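Have a look at the structure below before the remarks.
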Amino acid sequence: MTNKQPTEEAVLAALRTVDDPDLHKDLVTLGMIKDLKIQGGDVSFKIELTTPACPLKDTMKNDALKAVSAVEGVENVHIEMTANVPNDGRTRGLLNVPVRNAIAVASGKGGVGKSTVAVNLAVSLAQSGARVGLMDADIYGPNVPTMMGVEKLPPATADKLIPAEAYGVQMISIGFLVKPGQPLIWRGPMLHSAIRQFLTDVAWDELDYLIIDLPPGTGDAQLSLTQSLPLSGGVIVTLPQQVSLDDARRGLEMFRQLNVPILGVIENMSYLELPDGTKMDIFGSGGGERLAQESGVPFLGAIPMDPIVREGGDSGKPVVVDQPESAVAKALKAISEDLAARVSVAALAQENKIPIHFVGLKK
Ligand SMILES: Nc1ncnc2c1ncn2[C@@H]1O[C@H](COP(=O)(O)OP(=O)(O)OP(=O)(O)O)[C@@H](O)[C@H]1O
Ligand SMILES: [Mg+2]
């Protein structure tokens, strides 16, 4: 009878054979194994990921389960998956906002789907269990309240605005503070102070991710934001068509000049699937990926065109909530996971001062 209790060393040795697929180091070396307990043949521990939106969560759990189950004396293995999103230190910057990672969604051109993408990324990350905020920095044309189906903020406290909340996402928008339909005419300094107040005068909870929906173009709002809150990175949304790509290139250049790390390019409205299953390229095809390649930045994915996106936006039910099985929602979910993984890898690299190269989860 070899009924002896497995040792901690043996269990850890087994876990040293399991690598984090992005970081290319094993779970023990990365410090991801927490609360290891061994009682008789029962082994339990937590795997602490760098984002709850990790697309390879299940693979890692299964690999760990397999490795530990094979250790002599082990009868039962219980693994809990948790997450602690790293902070790259940038967002601790100027304003002392409790945000671990701030991600801006921009485009050169208007109407390409920035707000739609920002809203659905935020909701998607929240669905995975992350603490997410959404800041509508489109002072001139705020769309976040409508797209999230929220009309007003909860009552403010003496010194802070309380963010609205929907689908697990905390949010702020100038749309909550002005009468609907009223045009807003701001001068640069007013806009600057509005954006700063969205950061400092709002009682944000500690956030893993703050997603920022920027107005179109490369103007004052972008500048104010980067001066107020150092960003973990920026994402550019484009259509596949040439004029949108030209503007997107300007958006990329703006991020470069403002020293904002570029997380990648998202192509929206890539194609429309017709009732007979064929795909129609309304705005051309492949432009976003080409732009990413030419500019030497990651391509984060393509989102098809589908009327349910517009319907969901108008009725305040983001497509990732309302139609999670649709191709659009799946594309948005995959992009949110990829993005979260990239941000965490970059933050870890920064934190540990080690060059970790993101290899990417896509083929
Ligand atoms: N993949 C999609 N399929 C169908 N409709 C879409 C898709 N993405 C966005 N839309 C619709 O296109 C319109 C513009 O989208 P959105 O408001 O998100 O763009 P934007 O870039 O934020 O615009 P602006 O520059 O005015 O801020 C909206 O009506 C939205 O519902
Ligand atoms: Mg918008």
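Residue numbering restarts at 1 in every chain; chains get A, B, ... in the order shown in the structure tokens, and ligands count up from 1 in that same order.
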Would you mind listing, for every residue of chain A within 8 Å of ligand 1, the two atoms forming the shortest contact and the distance between them in Å to one decimal, using only C-alpha atoms and all ligand atoms, sorted by chain and ascending residue number, as JSON lines?
{"residue": "A:Ala106", "atom": "CA", "partner": "ligand 1", "partner_atom_place_in_ligand_line": "21 (O)", "distance": 7.9}
{"residue": "A:Ser107", "atom": "CA", "partner": "ligand 1", "partner_atom_place_in_ligand_line": "21 (O)", "distance": 6.9}
{"residue": "A:Lys109", "atom": "CA", "partner": "ligand 1", "partner_atom_place_in_ligand_line": "25 (O)", "distance": 6.4}
{"residue": "A:Gly110", "atom": "CA", "partner": "ligand 1", "partner_atom_place_in_ligand_line": "25 (O)", "distance": 3.1}
{"residue": "A:Gly111", "atom": "CA", "partner": "ligand 1", "partner_atom_place_in_ligand_line": "23 (O)", "distance": 3.3}
{"residue": "A:Val112", "atom": "CA", "partner": "ligand 1", "partner_atom_place_in_ligand_line": "21 (O)", "distance": 3.9}
{"residue": "A:Gly113", "atom": "CA", "partner": "ligand 1", "partner_atom_place_in_ligand_line": "19 (O)", "distance": 3.2}
{"residue": "A:Lys114", "atom": "CA", "partner": "ligand 1", "partner_atom_place_in_ligand_line": "22 (O)", "distance": 3.8}
{"residue": "A:Ser115", "atom": "CA", "partner": "ligand 1", "partner_atom_place_in_ligand_line": "22 (O)", "distance": 3.7}
{"residue": "A:Thr116", "atom": "CA", "partner": "ligand 1", "partner_atom_place_in_ligand_line": "18 (O)", "distance": 3.6}
{"residue": "A:Val117", "atom": "CA", "partner": "ligand 1", "partner_atom_place_in_ligand_line": "18 (O)", "distance": 6.4}
{"residue": "A:Ala118", "atom": "CA", "partner": "ligand 1", "partner_atom_place_in_ligand_line": "18 (O)", "distance": 7.9}
{"residue": "A:Asp138", "atom": "CA", "partner": "ligand 1", "partner_atom_place_in_ligand_line": "27 (O)", "distance": 6.8}
{"residue": "A:Gly141", "atom": "CA", "partner": "ligand 1", "partner_atom_place_in_ligand_line": "27 (O)", "distance": 6.5}
{"residue": "A:Pro142", "atom": "CA", "partner": "ligand 1", "partner_atom_place_in_ligand_line": "27 (O)", "distance": 7.5}
{"residue": "A:Asn143", "atom": "CA", "partner": "ligand 1", "partner_atom_place_in_ligand_line": "17 (O)", "distance": 6.8}
{"residue": "A:Asp213", "atom": "CA", "partner": "ligand 1", "partner_atom_place_in_ligand_line": "22 (O)", "distance": 7.5}
{"residue": "A:Leu214", "atom": "CA", "partner": "ligand 1", "partner_atom_place_in_ligand_line": "27 (O)", "distance": 7.2}
{"residue": "A:Pro215", "atom": "CA", "partner": "ligand 1", "partner_atom_place_in_ligand_line": "27 (O)", "distance": 5.2}
{"residue": "A:Pro216", "atom": "CA", "partner": "ligand 1", "partner_atom_place_in_ligand_line": "25 (O)", "distance": 4.5}
{"residue": "A:Gly217", "atom": "CA", "partner": "ligand 1", "partner_atom_place_in_ligand_line": "25 (O)", "distance": 8.0}
{"residue": "A:Val237", "atom": "CA", "partner": "ligand 1", "partner_atom_place_in_ligand_line": "21 (O)", "distance": 7.6}
{"residue": "A:Asn268", "atom": "CA", "partner": "ligand 1", "partner_atom_place_in_ligand_line": "1 (N)", "distance": 5.5}
{"residue": "A:Met269", "atom": "CA", "partner": "ligand 1", "partner_atom_place_in_ligand_line": "1 (N)", "distance": 4.4}
{"residue": "A:Ser270", "atom": "CA", "partner": "ligand 1", "partner_atom_place_in_ligand_line": "1 (N)", "distance": 7.5}
{"residue": "A:Ile303", "atom": "CA", "partner": "ligand 1", "partner_atom_place_in_ligand_line": "1 (N)", "distance": 5.6}
{"residue": "A:Pro304", "atom": "CA", "partner": "ligand 1", "partner_atom_place_in_ligand_line": "1 (N)", "distance": 5.2}
{"residue": "A:Met305", "atom": "CA", "partner": "ligand 1", "partner_atom_place_in_ligand_line": "3 (N)", "distance": 3.4}
{"residue": "A:Asp306", "atom": "CA", "partner": "ligand 1", "partner_atom_place_in_ligand_line": "3 (N)", "distance": 4.1}
{"residue": "A:Pro307", "atom": "CA", "partner": "ligand 1", "partner_atom_place_in_ligand_line": "4 (C)", "distance": 4.9}
{"residue": "A:Ile308", "atom": "CA", "partner": "ligand 1", "partner_atom_place_in_ligand_line": "4 (C)", "distance": 6.7}
{"residue": "A:Val309", "atom": "CA", "partner": "ligand 1", "partner_atom_place_in_ligand_line": "4 (C)", "distance": 4.8}
{"residue": "A:Arg310", "atom": "CA", "partner": "ligand 1", "partner_atom_place_in_ligand_line": "31 (O)", "distance": 3.2}
{"residue": "A:Glu311", "atom": "CA", "partner": "ligand 1", "partner_atom_place_in_ligand_line": "31 (O)", "distance": 6.7}
{"residue": "A:Gly312", "atom": "CA", "partner": "ligand 1", "partner_atom_place_in_ligand_line": "31 (O)", "distance": 7.3}
{"residue": "A:Gly313", "atom": "CA", "partner": "ligand 1", "partner_atom_place_in_ligand_line": "31 (O)", "distance": 5.2}
{"residue": "A:Asp314", "atom": "CA", "partner": "ligand 1", "partner_atom_place_in_ligand_line": "31 (O)", "distance": 6.8}
{"residue": "A:Val328", "atom": "CA", "partner": "ligand 1", "partner_atom_place_in_ligand_line": "1 (N)", "distance": 6.7}
Written file, previous selection with C-alpha atoms, as a tab-separated table (two decimals), in the first residue's frame:
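Written out: result.tsv:
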chain	number	residue	atom	x	y	z
A	106	ALA	CA	-10.55	56.20	-30.33
A	107	SER	CA	-10.83	56.59	-34.08
A	109	LYS	CA	-13.34	59.24	-38.08
A	110	GLY	CA	-16.79	59.67	-36.59
A	111	GLY	CA	-19.52	57.09	-36.65
A	112	VAL	CA	-17.31	54.02	-36.97
A	113	GLY	CA	-18.58	52.38	-33.79
A	114	LYS	CA	-16.30	53.64	-31.02
A	115	SER	CA	-19.10	54.04	-28.51
A	116	THR	CA	-20.60	50.69	-29.46
A	117	VAL	CA	-17.23	49.00	-29.06
A	118	ALA	CA	-16.45	50.82	-25.79
A	138	ASP	CA	-17.52	62.46	-25.77
A	141	GLY	CA	-22.20	63.86	-28.38
A	142	PRO	CA	-22.51	61.60	-25.35
A	143	ASN	CA	-24.07	58.26	-26.30
A	213	ASP	CA	-15.08	56.40	-25.06
A	214	LEU	CA	-13.45	59.28	-26.90
A	215	PRO	CA	-15.09	61.67	-29.32
A	216	PRO	CA	-14.06	61.34	-32.99
A	217	GLY	CA	-10.90	62.97	-34.17
A	237	VAL	CA	-11.62	51.47	-34.25
A	268	ASN	CA	-15.84	47.26	-37.21
A	269	MET	CA	-18.63	46.58	-39.69
A	270	SER	CA	-16.35	44.18	-41.50
A	303	ILE	CA	-16.64	42.77	-35.87
A	304	PRO	CA	-19.34	41.98	-38.40
A	305	MET	CA	-22.20	44.32	-39.20
A	306	ASP	CA	-25.56	43.35	-37.82
A	307	PRO	CA	-28.75	45.36	-37.24
A	308	ILE	CA	-28.99	43.86	-33.73
A	309	VAL	CA	-26.03	46.05	-32.77
A	310	ARG	CA	-27.90	49.21	-33.63
A	311	GLU	CA	-31.10	47.95	-32.02
A	312	GLY	CA	-29.24	47.03	-28.84
A	313	GLY	CA	-27.55	50.43	-28.75
A	314	ASP	CA	-30.80	52.33	-29.20
A	328	VAL	CA	-21.05	40.11	-33.30
_I'd like to know which residues of stretch 201-361 of chain A are strand (DSSP E) (by DSSP, run on the backbone); could you write them as a ChimeraX atom specification?_
/A:207-213,233-238,262-273,279-280,299-305
Output the selection as a PDB file, in the first residue's frame - C-alpha atoms for each residue.
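Ended up saving to part-v5.pdb:
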ATOM      1  CA  LEU A 207     -11.521  49.553 -10.932  1.00  0.00           C
ATOM      2  CA  ASP A 208      -9.598  46.880 -12.803  1.00  0.00           C
ATOM      3  CA  TYR A 209     -10.376  48.592 -16.082  1.00  0.00           C
ATOM      4  CA  LEU A 210     -11.631  52.037 -16.978  1.00  0.00           C
ATOM      5  CA  ILE A 211     -12.797  52.108 -20.591  1.00  0.00           C
ATOM      6  CA  ILE A 212     -12.886  55.582 -22.095  1.00  0.00           C
ATOM      7  CA  ASP A 213     -15.083  56.397 -25.063  1.00  0.00           C
ATOM      8  CA  GLY A 233      -3.189  51.977 -23.824  1.00  0.00           C
ATOM      9  CA  GLY A 234      -5.381  53.042 -26.674  1.00  0.00           C
ATOM     10  CA  VAL A 235      -7.447  51.124 -29.175  1.00  0.00           C
ATOM     11  CA  ILE A 236      -8.325  52.385 -32.632  1.00  0.00           C
ATOM     12  CA  VAL A 237     -11.620  51.471 -34.246  1.00  0.00           C
ATOM     13  CA  THR A 238     -11.889  51.682 -38.013  1.00  0.00           C
ATOM     14  CA  ILE A 262      -1.133  51.320 -28.823  1.00  0.00           C
ATOM     15  CA  LEU A 263      -3.014  48.165 -27.908  1.00  0.00           C
ATOM     16  CA  GLY A 264      -4.231  47.580 -31.425  1.00  0.00           C
ATOM     17  CA  VAL A 265      -6.720  48.106 -34.216  1.00  0.00           C
ATOM     18  CA  ILE A 266     -10.302  46.834 -34.290  1.00  0.00           C
ATOM     19  CA  GLU A 267     -12.124  46.630 -37.594  1.00  0.00           C
ATOM     20  CA  ASN A 268     -15.841  47.263 -37.208  1.00  0.00           C
ATOM     21  CA  MET A 269     -18.632  46.578 -39.688  1.00  0.00           C
ATOM     22  CA  SER A 270     -16.348  44.177 -41.498  1.00  0.00           C
ATOM     23  CA  TYR A 271     -19.091  42.407 -43.429  1.00  0.00           C
ATOM     24  CA  LEU A 272     -22.792  41.752 -43.443  1.00  0.00           C
ATOM     25  CA  GLU A 273     -24.004  38.194 -43.451  1.00  0.00           C
ATOM     26  CA  LYS A 279     -20.962  37.655 -46.708  1.00  0.00           C
ATOM     27  CA  MET A 280     -21.228  41.087 -48.218  1.00  0.00           C
ATOM     28  CA  PHE A 299      -4.821  43.561 -35.013  1.00  0.00           C
ATOM     29  CA  LEU A 300      -7.387  42.859 -32.335  1.00  0.00           C
ATOM     30  CA  GLY A 301     -10.162  41.483 -34.480  1.00  0.00           C
ATOM     31  CA  ALA A 302     -13.023  42.140 -36.851  1.00  0.00           C
ATOM     32  CA  ILE A 303     -16.639  42.771 -35.868  1.00  0.00           C
ATOM     33  CA  PRO A 304     -19.339  41.982 -38.404  1.00  0.00           C
ATOM     34  CA  MET A 305     -22.197  44.321 -39.199  1.00  0.00           C
TER      35      MET A 305
END
*Test item: residues at most 9 Å from A:Leu223, only C-alpha atoms, excluding those fewer than 4 positions along its chain, as an NGL selection string*: :A and (192 or 218-219 or 227-228 or 258)
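Using only C-alpha atoms and all ligand atoms, the smallest distance between any of A:Gly108, A:Gly73, A:Pro6, A:Pro230 and ligand 2 comes from A:Gly108.
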Considering only C-alpha atoms, return as a short mmCIF file (atom, residue, chain, number, x, y, z; two decimals) with all heavy atoms, in the first residue's frame whatever protein or nucleic-acid residues lie within 12 Å of A:Leu191, sequence-local ones (same chain, fewer than 4 positions apart) excluded.
data_model
loop_
_atom_site.label_atom_id
_atom_site.label_comp_id
_atom_site.auth_asym_id
_atom_site.auth_seq_id
_atom_site.Cartn_x
_atom_site.Cartn_y
_atom_site.Cartn_z
N ALA A 137 -16.16 60.19 -22.64
CA ALA A 137 -15.41 61.44 -22.80
C ALA A 137 -15.87 62.20 -24.03
O ALA A 137 -15.25 63.17 -24.44
CB ALA A 137 -13.91 61.16 -22.87
N ASP A 138 -16.95 61.73 -24.64
CA ASP A 138 -17.52 62.46 -25.77
C ASP A 138 -18.45 63.53 -25.21
O ASP A 138 -19.64 63.32 -25.00
CB ASP A 138 -18.27 61.52 -26.71
CG ASP A 138 -18.55 62.20 -28.04
OD1 ASP A 138 -18.49 63.45 -28.08
OD2 ASP A 138 -18.82 61.51 -29.03
N ILE A 139 -17.83 64.68 -24.95
CA ILE A 139 -18.53 65.77 -24.29
C ILE A 139 -19.58 66.39 -25.22
O ILE A 139 -20.59 66.91 -24.80
CB ILE A 139 -17.49 66.84 -23.87
CG1 ILE A 139 -16.45 66.23 -22.91
CG2 ILE A 139 -18.12 68.05 -23.28
CD1 ILE A 139 -16.96 65.96 -21.53
N TYR A 140 -19.31 66.31 -26.53
CA TYR A 140 -20.22 66.95 -27.49
C TYR A 140 -21.38 66.04 -27.87
O TYR A 140 -22.48 66.51 -28.12
CB TYR A 140 -19.45 67.35 -28.75
CG TYR A 140 -18.32 68.29 -28.45
CD1 TYR A 140 -17.01 67.84 -28.37
CD2 TYR A 140 -18.58 69.63 -28.24
CE1 TYR A 140 -15.98 68.70 -28.08
CE2 TYR A 140 -17.55 70.51 -27.95
CZ TYR A 140 -16.25 70.04 -27.88
OH TYR A 140 -15.25 70.90 -27.59
N ILE A 174 -21.36 63.15 -19.60
CA ILE A 174 -21.92 64.50 -19.54
C ILE A 174 -23.41 64.45 -19.83
O ILE A 174 -24.19 65.30 -19.42
CB ILE A 174 -21.17 65.44 -20.52
CG1 ILE A 174 -21.36 66.90 -20.13
CG2 ILE A 174 -21.61 65.22 -21.94
CD1 ILE A 174 -20.54 67.33 -18.97
N LEU A 184 -24.03 71.22 -26.69
CA LEU A 184 -23.02 71.65 -25.75
C LEU A 184 -21.92 72.38 -26.50
O LEU A 184 -21.37 71.86 -27.46
CB LEU A 184 -22.42 70.44 -25.05
CG LEU A 184 -23.23 69.95 -23.86
CD1 LEU A 184 -22.67 68.62 -23.41
CD2 LEU A 184 -23.18 70.95 -22.73
N ILE A 185 -21.67 73.59 -26.09
CA ILE A 185 -20.60 74.33 -26.74
C ILE A 185 -19.54 74.59 -25.68
O ILE A 185 -19.77 75.29 -24.70
CB ILE A 185 -21.13 75.65 -27.33
CG1 ILE A 185 -22.26 75.31 -28.31
CG2 ILE A 185 -20.02 76.42 -28.03
CD1 ILE A 185 -23.20 76.43 -28.61
N TRP A 186 -18.42 73.96 -25.85
CA TRP A 186 -17.36 74.06 -24.84
C TRP A 186 -16.14 74.72 -25.45
O TRP A 186 -15.82 74.49 -26.59
CB TRP A 186 -16.92 72.67 -24.39
CG TRP A 186 -17.95 71.82 -23.76
CD1 TRP A 186 -18.89 71.08 -24.40
CD2 TRP A 186 -18.12 71.57 -22.36
NE1 TRP A 186 -19.64 70.39 -23.49
CE2 TRP A 186 -19.19 70.68 -22.23
CE3 TRP A 186 -17.47 72.02 -21.21
CZ2 TRP A 186 -19.63 70.21 -21.01
CZ3 TRP A 186 -17.91 71.55 -19.99
CH2 TRP A 186 -18.98 70.67 -19.89
N ARG A 187 -15.47 75.42 -24.64
CA ARG A 187 -14.14 75.86 -25.05
C ARG A 187 -13.14 74.88 -24.45
O ARG A 187 -13.46 74.17 -23.51
CB ARG A 187 -13.87 77.27 -24.52
CG ARG A 187 -14.78 78.29 -25.12
CD ARG A 187 -14.28 79.68 -24.89
NE ARG A 187 -15.25 80.64 -25.37
CZ ARG A 187 -15.40 80.97 -26.64
NH1 ARG A 187 -14.62 80.45 -27.55
NH2 ARG A 187 -16.32 81.85 -27.00
N ILE A 195 -13.32 66.82 -18.15
CA ILE A 195 -12.69 65.50 -18.18
C ILE A 195 -11.96 65.20 -16.87
O ILE A 195 -12.04 64.10 -16.33
CB ILE A 195 -11.78 65.39 -19.42
CG1 ILE A 195 -12.70 65.26 -20.63
CG2 ILE A 195 -10.81 64.22 -19.30
CD1 ILE A 195 -12.06 64.95 -21.91
N ARG A 196 -11.31 66.22 -16.35
CA ARG A 196 -10.62 65.99 -15.06
C ARG A 196 -11.62 65.70 -13.95
O ARG A 196 -11.37 64.85 -13.09
CB ARG A 196 -9.79 67.22 -14.68
CG ARG A 196 -8.52 67.31 -15.49
CD ARG A 196 -7.75 68.54 -15.09
NE ARG A 196 -6.88 68.29 -13.94
CZ ARG A 196 -5.63 67.90 -14.03
NH1 ARG A 196 -5.10 67.68 -15.21
NH2 ARG A 196 -4.91 67.72 -12.96
N GLN A 197 -12.76 66.39 -14.01
CA GLN A 197 -13.76 66.14 -12.97
C GLN A 197 -14.35 64.73 -13.07
O GLN A 197 -14.70 64.14 -12.06
CB GLN A 197 -14.87 67.19 -13.04
CG GLN A 197 -14.39 68.51 -12.44
CD GLN A 197 -15.45 69.59 -12.51
OE1 GLN A 197 -16.63 69.32 -12.63
NE2 GLN A 197 -15.01 70.82 -12.42
N PHE A 198 -14.46 64.24 -14.27
CA PHE A 198 -14.95 62.86 -14.44
C PHE A 198 -14.01 61.88 -13.74
O PHE A 198 -14.39 60.79 -13.36
CB PHE A 198 -15.02 62.50 -15.92
CG PHE A 198 -16.27 62.96 -16.58
CD1 PHE A 198 -16.49 62.70 -17.91
CD2 PHE A 198 -17.24 63.63 -15.86
CE1 PHE A 198 -17.65 63.11 -18.53
CE2 PHE A 198 -18.41 64.05 -16.47
CZ PHE A 198 -18.61 63.79 -17.81
N PRO A 215 -14.40 61.13 -28.15
CA PRO A 215 -15.09 61.67 -29.32
C PRO A 215 -14.25 61.41 -30.57
O PRO A 215 -13.07 61.08 -30.46
CB PRO A 215 -15.16 63.17 -29.01
CG PRO A 215 -14.13 63.44 -27.99
CD PRO A 215 -13.89 62.17 -27.26
N GLY A 219 -8.48 65.70 -31.15
CA GLY A 219 -8.51 67.07 -30.63
C GLY A 219 -8.30 67.22 -29.14
O GLY A 219 -7.56 66.46 -28.52
N ASP A 220 -9.00 68.22 -28.60
CA ASP A 220 -8.81 68.62 -27.21
C ASP A 220 -9.09 67.52 -26.19
O ASP A 220 -8.39 67.40 -25.19
CB ASP A 220 -9.75 69.79 -26.88
CG ASP A 220 -9.23 71.10 -27.46
OD1 ASP A 220 -8.05 71.11 -27.91
OD2 ASP A 220 -9.97 72.09 -27.46
N ALA A 221 -10.15 66.76 -26.43
CA ALA A 221 -10.53 65.75 -25.44
C ALA A 221 -9.42 64.72 -25.27
O ALA A 221 -9.06 64.33 -24.15
CB ALA A 221 -11.82 65.06 -25.85
N GLN A 222 -8.84 64.32 -26.39
CA GLN A 222 -7.77 63.33 -26.36
C GLN A 222 -6.57 63.87 -25.58
O GLN A 222 -5.96 63.17 -24.77
CB GLN A 222 -7.33 62.99 -27.80
CG GLN A 222 -8.29 62.12 -28.58
CD GLN A 222 -9.54 62.85 -29.06
OE1 GLN A 222 -9.73 64.04 -28.85
NE2 GLN A 222 -10.42 62.11 -29.69
N LEU A 223 -6.28 65.13 -25.85
CA LEU A 223 -5.15 65.78 -25.20
C LEU A 223 -5.39 65.91 -23.69
O LEU A 223 -4.54 65.54 -22.87
CB LEU A 223 -4.98 67.17 -25.82
CG LEU A 223 -3.60 67.79 -25.73
CD1 LEU A 223 -2.60 66.88 -26.42
CD2 LEU A 223 -3.62 69.16 -26.42
N SER A 224 -6.57 66.39 -23.32
CA SER A 224 -6.91 66.57 -21.91
C SER A 224 -6.82 65.25 -21.17
O SER A 224 -6.31 65.18 -20.05
CB SER A 224 -8.34 67.08 -21.75
OG SER A 224 -8.42 68.38 -22.20
N LEU A 225 -7.34 64.24 -21.81
CA LEU A 225 -7.37 62.94 -21.15
C LEU A 225 -5.97 62.44 -20.86
O LEU A 225 -5.65 62.04 -19.74
CB LEU A 225 -8.10 61.95 -22.05
CG LEU A 225 -8.32 60.60 -21.41
CD1 LEU A 225 -9.36 60.72 -20.30
CD2 LEU A 225 -8.77 59.58 -22.43
N SER A 228 -4.35 64.17 -18.08
CA SER A 228 -4.94 63.99 -16.75
C SER A 228 -4.72 62.59 -16.20
O SER A 228 -4.60 62.38 -15.01
CB SER A 228 -6.44 64.25 -16.79
OG SER A 228 -6.71 65.50 -17.36
#
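Interatomic distance, atom CA of A:Arg249 against atom CA of A:Ala104: 15.8 Å.
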*Excluding stretch 36-51 of chain A and residues on its chain fewer than 2 positions from it, collect all residues at most 8 Å away from it, counting only C-alpha atoms, and give them as a ChimeraX atom specification.*
/A:4-8,27,32-34,53-54,61,73-86,130,340-341,344-345
Selection export as an mmCIF file, in the first residue's frame, atoms kept: N, CA and C atoms:
data_model
loop_
_atom_site.group_PDB
_atom_site.id
_atom_site.type_symbol
_atom_site.label_atom_id
_atom_site.label_comp_id
_atom_site.auth_asym_id
_atom_site.auth_seq_id
_atom_site.Cartn_x
_atom_site.Cartn_y
_atom_site.Cartn_z
ATOM 1 N N LYS A 4 0.394 7.183 0.902
ATOM 2 C CA LYS A 4 0.971 8.279 1.663
ATOM 3 C C LYS A 4 0.504 9.642 1.132
ATOM 4 N N GLN A 5 0.443 10.588 2.027
ATOM 5 C CA GLN A 5 -0.034 11.923 1.669
ATOM 6 C C GLN A 5 0.963 12.607 0.735
ATOM 7 N N PRO A 6 0.476 13.219 -0.340
ATOM 8 C CA PRO A 6 1.422 13.905 -1.234
ATOM 9 C C PRO A 6 2.068 15.100 -0.519
ATOM 10 N N THR A 7 3.288 15.399 -0.874
ATOM 11 C CA THR A 7 3.964 16.541 -0.229
ATOM 12 C C THR A 7 3.706 17.810 -1.044
ATOM 13 N N GLU A 8 3.893 18.933 -0.357
ATOM 14 C CA GLU A 8 3.737 20.221 -1.020
ATOM 15 C C GLU A 8 4.749 20.348 -2.168
ATOM 16 N N LEU A 27 3.324 28.355 -13.611
ATOM 17 C CA LEU A 27 2.401 28.978 -12.655
ATOM 18 C C LEU A 27 3.051 29.232 -11.299
ATOM 19 N N MET A 32 1.410 32.403 -9.221
ATOM 20 C CA MET A 32 -0.051 32.340 -9.412
ATOM 21 C C MET A 32 -0.734 31.319 -8.506
ATOM 22 N N ILE A 33 0.037 30.458 -7.878
ATOM 23 C CA ILE A 33 -0.572 29.432 -7.007
ATOM 24 C C ILE A 33 -0.721 30.002 -5.596
ATOM 25 N N LYS A 34 -1.951 30.016 -5.121
ATOM 26 C CA LYS A 34 -2.230 30.581 -3.790
ATOM 27 C C LYS A 34 -2.972 29.547 -2.943
ATOM 28 N N ALA A 53 -10.820 37.937 -17.292
ATOM 29 C CA ALA A 53 -11.263 37.734 -18.674
ATOM 30 C C ALA A 53 -10.271 36.889 -19.468
ATOM 31 N N CYS A 54 -9.486 36.087 -18.770
ATOM 32 C CA CYS A 54 -8.467 35.281 -19.456
ATOM 33 C C CYS A 54 -9.117 34.258 -20.374
ATOM 34 N N LYS A 61 -6.677 25.609 -16.166
ATOM 35 C CA LYS A 61 -7.256 24.838 -15.067
ATOM 36 C C LYS A 61 -7.125 23.339 -15.357
ATOM 37 N N GLY A 73 -0.356 9.692 -4.603
ATOM 38 C CA GLY A 73 -1.109 9.909 -3.365
ATOM 39 C C GLY A 73 -2.269 10.892 -3.504
ATOM 40 N N VAL A 74 -2.336 11.596 -4.624
ATOM 41 C CA VAL A 74 -3.408 12.579 -4.798
ATOM 42 C C VAL A 74 -4.707 11.877 -5.207
ATOM 43 N N GLU A 75 -5.769 12.160 -4.453
ATOM 44 C CA GLU A 75 -7.059 11.552 -4.785
ATOM 45 C C GLU A 75 -8.053 12.565 -5.359
ATOM 46 N N ASN A 76 -8.134 13.724 -4.729
ATOM 47 C CA ASN A 76 -9.049 14.763 -5.229
ATOM 48 C C ASN A 76 -8.307 16.073 -5.393
ATOM 49 N N VAL A 77 -8.634 16.790 -6.479
ATOM 50 C CA VAL A 77 -8.022 18.103 -6.679
ATOM 51 C C VAL A 77 -9.128 19.135 -6.822
ATOM 52 N N HIS A 78 -9.025 20.187 -6.015
ATOM 53 C CA HIS A 78 -10.007 21.260 -6.145
ATOM 54 C C HIS A 78 -9.269 22.551 -6.498
ATOM 55 N N ILE A 79 -9.629 23.121 -7.632
ATOM 56 C CA ILE A 79 -8.942 24.348 -8.066
ATOM 57 C C ILE A 79 -9.950 25.481 -8.170
ATOM 58 N N GLU A 80 -9.618 26.601 -7.559
ATOM 59 C CA GLU A 80 -10.474 27.783 -7.705
ATOM 60 C C GLU A 80 -9.724 28.792 -8.565
ATOM 61 N N MET A 81 -10.409 29.324 -9.570
ATOM 62 C CA MET A 81 -9.768 30.314 -10.435
ATOM 63 C C MET A 81 -10.111 31.711 -9.915
ATOM 64 N N THR A 82 -9.092 32.504 -9.580
ATOM 65 C CA THR A 82 -9.344 33.872 -9.144
ATOM 66 C C THR A 82 -8.508 34.805 -10.029
ATOM 67 N N ALA A 83 -8.603 36.088 -9.786
ATOM 68 C CA ALA A 83 -7.810 37.021 -10.585
ATOM 69 C C ALA A 83 -7.430 38.241 -9.771
ATOM 70 N N ASN A 84 -6.264 38.741 -10.054
ATOM 71 C CA ASN A 84 -5.812 40.005 -9.482
ATOM 72 C C ASN A 84 -5.157 40.775 -10.626
ATOM 73 N N VAL A 85 -5.867 41.757 -11.105
ATOM 74 C CA VAL A 85 -5.400 42.478 -12.299
ATOM 75 C C VAL A 85 -4.233 43.385 -11.925
ATOM 76 N N PRO A 86 -3.098 43.231 -12.584
ATOM 77 C CA PRO A 86 -1.951 44.070 -12.222
ATOM 78 C C PRO A 86 -2.136 45.522 -12.667
ATOM 79 N N ALA A 130 -14.612 41.166 -13.897
ATOM 80 C CA ALA A 130 -13.726 42.294 -13.596
ATOM 81 C C ALA A 130 -14.534 43.488 -13.092
ATOM 82 N N ALA A 340 -7.713 42.341 -22.599
ATOM 83 C CA ALA A 340 -7.424 42.200 -21.173
ATOM 84 C C ALA A 340 -6.101 41.455 -20.989
ATOM 85 N N ALA A 341 -5.895 40.426 -21.785
ATOM 86 C CA ALA A 341 -4.647 39.662 -21.681
ATOM 87 C C ALA A 341 -3.450 40.540 -22.053
ATOM 88 N N SER A 344 -2.707 43.031 -19.246
ATOM 89 C CA SER A 344 -2.090 42.385 -18.082
ATOM 90 C C SER A 344 -0.635 42.012 -18.344
ATOM 91 N N VAL A 345 -0.400 41.508 -19.527
ATOM 92 C CA VAL A 345 0.975 41.129 -19.861
ATOM 93 C C VAL A 345 1.878 42.364 -19.842
#
*Residue set, stretch 52-124 of chain A restricted to helix (DSSP H, G or I), as a ChimeraX atom specification*: /A:57-69,114-124
